[in-house]
$ cat data29.cif   # mmCIF, C-alpha atoms
data_query
#
loop_
_atom_site.group_PDB
_atom_site.id
_atom_site.type_symbol
_atom_site.label_atom_id
_atom_site.label_comp_id
_atom_site.auth_asym_id
_atom_site.auth_seq_id
_atom_site.Cartn_x
_atom_site.Cartn_y
_atom_site.Cartn_z
ATOM 1 C CA MET A 774 20.982 -14.715 64.033
ATOM 2 C CA LYS A 775 18.805 -17.471 62.637
ATOM 3 C CA LYS A 776 15.111 -16.841 62.383
ATOM 4 C CA GLU A 777 12.303 -19.216 61.567
ATOM 5 C CA ILE A 778 10.294 -18.574 58.420
ATOM 6 C CA GLU A 779 7.235 -20.482 57.302
ATOM 7 C CA LEU A 780 7.114 -21.060 53.565
ATOM 8 C CA ASP A 781 4.500 -22.596 51.291
ATOM 9 C CA ILE A 782 5.668 -24.713 48.369
ATOM 10 C CA ALA A 783 3.186 -26.735 46.324
ATOM 11 C CA GLY A 784 0.615 -26.528 49.089
ATOM 12 C CA GLN A 785 3.063 -27.816 51.701
ATOM 13 C CA ARG A 786 4.007 -25.712 54.701
ATOM 14 C CA LEU A 787 7.706 -25.733 55.453
ATOM 15 C CA ARG A 788 9.460 -24.145 58.418
ATOM 16 C CA VAL A 789 13.007 -23.016 57.688
ATOM 17 C CA ARG A 790 15.610 -21.656 60.100
ATOM 18 C CA THR A 791 17.918 -19.293 58.249
ATOM 19 C CA ASP A 792 20.099 -16.203 58.424
ATOM 20 C CA GLU A 793 18.798 -15.138 55.010
ATOM 21 C CA ASP A 794 16.385 -12.275 54.477
ATOM 22 C CA GLU A 795 12.732 -13.328 54.664
ATOM 23 C CA ALA A 796 11.861 -11.703 51.332
ATOM 24 C CA TYR A 797 14.734 -13.567 49.675
ATOM 25 C CA MET A 798 13.568 -16.893 51.107
ATOM 26 C CA ARG A 799 9.985 -16.226 50.061
ATOM 27 C CA GLY A 800 11.239 -15.451 46.564
ATOM 28 C CA LEU A 801 13.097 -18.763 46.436
ATOM 29 C CA ALA A 802 10.021 -20.619 47.652
ATOM 30 C CA ALA A 803 7.865 -18.866 45.047
ATOM 31 C CA TYR A 804 10.338 -19.845 42.319
ATOM 32 C CA VAL A 805 10.342 -23.508 43.375
ATOM 33 C CA ASP A 806 6.549 -23.457 43.695
ATOM 34 C CA GLU A 807 6.217 -21.986 40.201
ATOM 35 C CA GLN A 808 8.571 -24.598 38.741
ATOM 36 C CA MET A 809 6.693 -27.436 40.449
ATOM 37 C CA ARG A 810 3.347 -26.154 39.195
ATOM 38 C CA GLU A 811 4.717 -25.852 35.668
ATOM 39 C CA ILE A 812 6.098 -29.391 35.692
ATOM 40 C CA GLY A 813 2.946 -30.777 37.304
ATOM 41 C CA ARG A 814 0.591 -29.019 34.881
ATOM 42 C CA GLY A 815 -1.267 -31.638 32.881
ATOM 43 C CA GLN A 816 0.432 -34.504 34.721
ATOM 44 C CA ARG A 817 -2.454 -36.280 36.401
ATOM 45 C CA GLY A 818 -1.606 -39.053 38.776
ATOM 46 C CA ILE A 819 2.073 -38.178 39.081
ATOM 47 C CA ALA A 820 3.255 -38.271 42.698
ATOM 48 C CA SER A 821 4.258 -34.979 44.274
ATOM 49 C CA MET A 822 7.642 -36.529 45.152
ATOM 50 C CA ASN A 823 8.265 -37.178 41.446
ATOM 51 C CA ILE A 824 7.287 -33.607 40.623
ATOM 52 C CA ALA A 825 9.675 -32.388 43.339
ATOM 53 C CA LEU A 826 12.505 -34.526 41.938
ATOM 54 C CA LEU A 827 11.866 -33.345 38.378
ATOM 55 C CA THR A 828 11.848 -29.767 39.679
ATOM 56 C CA ALA A 829 15.154 -30.358 41.475
ATOM 57 C CA LEU A 830 16.640 -31.717 38.241
ATOM 58 C CA ARG A 831 15.416 -28.709 36.267
ATOM 59 C CA ILE A 832 16.845 -26.252 38.790
ATOM 60 C CA ALA A 833 20.147 -28.198 38.954
ATOM 61 C CA ASP A 834 20.319 -28.061 35.143
ATOM 62 C CA GLU A 835 19.773 -24.278 35.185
ATOM 63 C CA TYR A 836 22.441 -23.900 37.876
ATOM 64 C CA HIS A 837 25.057 -25.946 36.009
ATOM 65 C CA LYS A 838 24.398 -24.156 32.727
ATOM 66 C CA LEU A 839 24.822 -20.817 34.489
ATOM 67 C CA GLN A 840 28.067 -22.040 36.083
ATOM 68 C CA ARG A 841 29.414 -22.970 32.633
ATOM 69 C CA LEU A 842 28.327 -19.621 31.226
ATOM 70 C CA GLN A 843 29.982 -17.802 34.145
ATOM 71 C CA ALA A 844 33.235 -19.701 33.500
ATOM 72 C CA GLU A 845 33.089 -18.713 29.819
ATOM 73 C CA VAL A 846 32.498 -15.067 30.758
ATOM 74 C CA ASP A 847 35.379 -15.185 33.258
ATOM 75 C CA ASP A 848 37.689 -16.662 30.598
ATOM 76 C CA ALA A 849 36.654 -14.029 28.050
ATOM 77 C CA LEU A 850 37.246 -11.247 30.573
ATOM 78 C CA SER A 851 40.677 -12.633 31.424
ATOM 79 C CA ARG A 852 41.639 -12.745 27.740
ATOM 80 C CA LEU A 853 40.332 -9.212 27.266
ATOM 81 C CA ALA A 854 42.287 -7.957 30.286
ATOM 82 C CA GLU A 855 45.469 -9.563 28.922
ATOM 83 C CA LEU A 856 44.850 -7.954 25.539
ATOM 84 C CA VAL A 857 44.283 -4.532 27.105
ATOM 85 C CA GLU A 858 47.401 -4.899 29.233
ATOM 86 C CA ALA A 859 49.501 -5.953 26.234
ATOM 87 C CA THR A 860 48.164 -3.033 24.214
ATOM 88 C CA LEU A 861 48.925 -0.563 27.011
ATOM 89 C CA ASN A 862 52.430 -1.976 27.424
ATOM 90 C CA LYS A 863 53.102 -1.535 23.686
ATOM 91 C CA GLN A 864 51.961 2.090 23.867
ATOM 92 C CA SER A 865 54.255 2.755 26.840
ATOM 93 C CA ILE A 866 57.368 1.732 24.905
#
$ encode --input "data29.cif" --output "structure tokens"
Amino acid sequence: MKKEIELDIAGQRLRVRTDEDEAYMRGLAAYVDEQMREIGRGQRGIASMNIALLTALRIADEYHKLQRLQAEVDDALSRLAELVEATLNKQSI
């Protein structure tokens, strides 16, 4: 059942309807807020929309790098499983 949660990101109040746990959503909001503050630090006169877009790019970059890393881990695990299976089959003969 969807519930409404009020979040604060970069001084902006945002109401979100979600099935997710409130603590999880607050954690996400805190992460985005932290990233926006880090990007905005020392950037006088930069529009908050630009900071939000730069933050979105940074988070998208992190996400895609993690996806690539996950694919590499999955491939390595598949190769390892094949090696283990081949080794076990040799010992069975």
$ atom_distance --input "data29.cif" --atom1 "CA of Ala802 in chain A" --atom2 "CA of Ile824 in chain A"
15.0 Å
$ resolve_selection --input "data29.cif" --expression "the PyMOL selection byres ((chain A and resi 804) around 12)" --output "compact mmCIF listing (two decimals) with C-alpha atoms, in the frame of the given file"
# COMPACT_ATOMS: atom_id res chain seq x y z
CA LEU A 780 7.11 -21.06 53.56
CA ASP A 781 4.50 -22.60 51.29
CA ILE A 782 5.67 -24.71 48.37
CA ALA A 783 3.19 -26.74 46.32
CA TYR A 797 14.73 -13.57 49.68
CA MET A 798 13.57 -16.89 51.11
CA ARG A 799 9.98 -16.23 50.06
CA GLY A 800 11.24 -15.45 46.56
CA LEU A 801 13.10 -18.76 46.44
CA ALA A 802 10.02 -20.62 47.65
CA ALA A 803 7.86 -18.87 45.05
CA VAL A 805 10.34 -23.51 43.38
CA ASP A 806 6.55 -23.46 43.70
CA GLU A 807 6.22 -21.99 40.20
CA GLN A 808 8.57 -24.60 38.74
CA MET A 809 6.69 -27.44 40.45
CA ARG A 810 3.35 -26.15 39.20
CA GLU A 811 4.72 -25.85 35.67
CA THR A 828 11.85 -29.77 39.68
CA ALA A 829 15.15 -30.36 41.48
CA ARG A 831 15.42 -28.71 36.27
CA ILE A 832 16.84 -26.25 38.79
$ residues_around --input "data29.cif" --residues "Arg788 in chain A" --least-positions-apart "5" --cutoff "8 Å" --atoms "all atoms listed in the file" --output "MDAnalysis selection string"
chainID A and resid 777:780
$ atom_distance --input "data29.cif" --atom1 "CA of Asp792 in chain A" --atom2 "CA of Lys776 in chain A"
6.4 Å
$ atom_distance --input "data29.cif" --atom1 "CA of Gln843 in chain A" --atom2 "CA of Asn862 in chain A"
28.3 Å
$ closest_residue --input "data29.cif" --among "A:Gly784, A:Ser851, A:Glu793, A:Leu842" --to "Ser821 in chain A" --atoms "all atoms listed in the file"
A:Gly784
$ decode --input "data29.cif" --residues "chain A" --atoms "C-alpha atoms" --output "mmCIF file, in the first residue's frame"
data_model
loop_
_atom_site.group_PDB
_atom_site.id
_atom_site.type_symbol
_atom_site.label_atom_id
_atom_site.label_comp_id
_atom_site.auth_asym_id
_atom_site.auth_seq_id
_atom_site.Cartn_x
_atom_site.Cartn_y
_atom_site.Cartn_z
ATOM 1 C CA MET A 774 0.000 0.000 0.000
ATOM 2 C CA LYS A 775 1.442 3.342 -1.020
ATOM 3 C CA LYS A 776 2.136 5.859 1.680
ATOM 4 C CA GLU A 777 3.095 9.492 1.411
ATOM 5 C CA ILE A 778 6.477 10.539 2.760
ATOM 6 C CA GLU A 779 7.793 14.070 2.975
ATOM 7 C CA LEU A 780 11.476 14.347 2.152
ATOM 8 C CA ASP A 781 13.916 17.246 2.254
ATOM 9 C CA ILE A 782 16.549 17.486 -0.464
ATOM 10 C CA ALA A 783 18.715 20.588 -0.797
ATOM 11 C CA GLY A 784 16.265 22.619 1.247
ATOM 12 C CA GLN A 785 13.324 21.596 -0.940
ATOM 13 C CA ARG A 786 10.383 19.700 0.500
ATOM 14 C CA LEU A 787 9.234 16.829 -1.664
ATOM 15 C CA ARG A 788 6.206 14.610 -1.124
ATOM 16 C CA VAL A 789 6.618 11.085 -2.465
ATOM 17 C CA ARG A 790 4.032 8.309 -2.684
ATOM 18 C CA THR A 791 5.772 4.955 -2.436
ATOM 19 C CA ASP A 792 5.563 1.350 -1.300
ATOM 20 C CA GLU A 793 9.160 1.566 -0.077
ATOM 21 C CA ASP A 794 10.137 1.692 3.575
ATOM 22 C CA GLU A 795 10.280 5.228 4.976
ATOM 23 C CA ALA A 796 13.785 4.767 6.389
ATOM 24 C CA TYR A 797 14.996 3.565 2.990
ATOM 25 C CA MET A 798 13.485 6.588 1.243
ATOM 26 C CA ARG A 799 14.955 8.959 3.812
ATOM 27 C CA GLY A 800 18.338 7.333 3.251
ATOM 28 C CA LEU A 801 18.048 7.890 -0.496
ATOM 29 C CA ALA A 802 17.054 11.510 0.045
ATOM 30 C CA ALA A 803 19.987 12.018 2.422
ATOM 31 C CA TYR A 804 22.361 10.540 -0.166
ATOM 32 C CA VAL A 805 21.074 12.829 -2.929
ATOM 33 C CA ASP A 806 21.172 15.806 -0.558
ATOM 34 C CA GLU A 807 24.770 15.005 0.390
ATOM 35 C CA GLN A 808 25.792 14.681 -3.264
ATOM 36 C CA MET A 809 24.117 17.980 -4.162
ATOM 37 C CA ARG A 810 25.807 19.777 -1.278
ATOM 38 C CA GLU A 811 29.177 18.348 -2.284
ATOM 39 C CA ILE A 812 28.773 19.427 -5.903
ATOM 40 C CA GLY A 813 27.426 22.838 -4.900
ATOM 41 C CA ARG A 814 30.199 23.508 -2.377
ATOM 42 C CA GLY A 815 32.214 26.486 -3.552
ATOM 43 C CA GLN A 816 30.018 26.986 -6.620
ATOM 44 C CA ARG A 817 28.549 30.428 -6.076
ATOM 45 C CA GLY A 818 25.921 31.567 -8.493
ATOM 46 C CA ILE A 819 25.275 28.142 -9.992
ATOM 47 C CA ALA A 820 21.553 27.433 -10.354
ATOM 48 C CA SER A 821 20.095 24.698 -8.182
ATOM 49 C CA MET A 822 18.756 23.018 -11.345
ATOM 50 C CA ASN A 823 22.322 22.753 -12.669
ATOM 51 C CA ILE A 824 23.478 21.299 -9.362
ATOM 52 C CA ALA A 825 20.604 18.793 -9.525
ATOM 53 C CA LEU A 826 21.547 17.805 -13.086
ATOM 54 C CA LEU A 827 25.224 17.422 -12.189
ATOM 55 C CA THR A 828 24.169 15.305 -9.206
ATOM 56 C CA ALA A 829 21.990 13.141 -11.458
ATOM 57 C CA LEU A 830 24.948 12.651 -13.810
ATOM 58 C CA ARG A 831 27.235 11.684 -10.932
ATOM 59 C CA ILE A 832 24.737 9.167 -9.564
ATOM 60 C CA ALA A 833 24.089 7.761 -13.073
ATOM 61 C CA ASP A 834 27.860 7.366 -13.519
ATOM 62 C CA GLU A 835 28.124 5.481 -10.203
ATOM 63 C CA TYR A 836 25.190 3.269 -11.201
ATOM 64 C CA HIS A 837 26.625 2.372 -14.615
ATOM 65 C CA LYS A 838 30.068 1.644 -13.194
ATOM 66 C CA LEU A 839 28.492 -0.655 -10.611
ATOM 67 C CA GLN A 840 26.479 -2.393 -13.349
ATOM 68 C CA ARG A 841 29.694 -3.046 -15.303
ATOM 69 C CA LEU A 842 31.426 -4.304 -12.173
ATOM 70 C CA GLN A 843 28.470 -6.590 -11.397
ATOM 71 C CA ALA A 844 28.632 -8.023 -14.936
ATOM 72 C CA GLU A 845 32.363 -8.682 -14.504
ATOM 73 C CA VAL A 846 31.734 -10.406 -11.163
ATOM 74 C CA ASP A 847 28.933 -12.492 -12.703
ATOM 75 C CA ASP A 848 31.225 -13.533 -15.577
ATOM 76 C CA ALA A 849 34.037 -14.446 -13.178
ATOM 77 C CA LEU A 850 31.651 -16.501 -11.046
ATOM 78 C CA SER A 851 30.344 -18.320 -14.113
ATOM 79 C CA ARG A 852 33.887 -19.180 -15.216
ATOM 80 C CA LEU A 853 34.729 -20.336 -11.699
ATOM 81 C CA ALA A 854 31.603 -22.508 -11.536
ATOM 82 C CA GLU A 855 32.506 -24.097 -14.886
ATOM 83 C CA LEU A 856 36.034 -24.751 -13.643
ATOM 84 C CA VAL A 857 34.765 -26.327 -10.420
ATOM 85 C CA GLU A 858 32.291 -28.465 -12.343
ATOM 86 C CA ALA A 859 34.970 -29.615 -14.798
ATOM 87 C CA THR A 860 37.309 -30.441 -11.926
ATOM 88 C CA LEU A 861 34.612 -32.426 -10.112
ATOM 89 C CA ASN A 862 33.730 -34.307 -13.295
ATOM 90 C CA LYS A 863 37.395 -35.280 -13.795
ATOM 91 C CA GLN A 864 37.575 -36.592 -10.228
ATOM 92 C CA SER A 865 34.420 -38.672 -10.740
ATOM 93 C CA ILE A 866 35.935 -40.591 -13.656
#
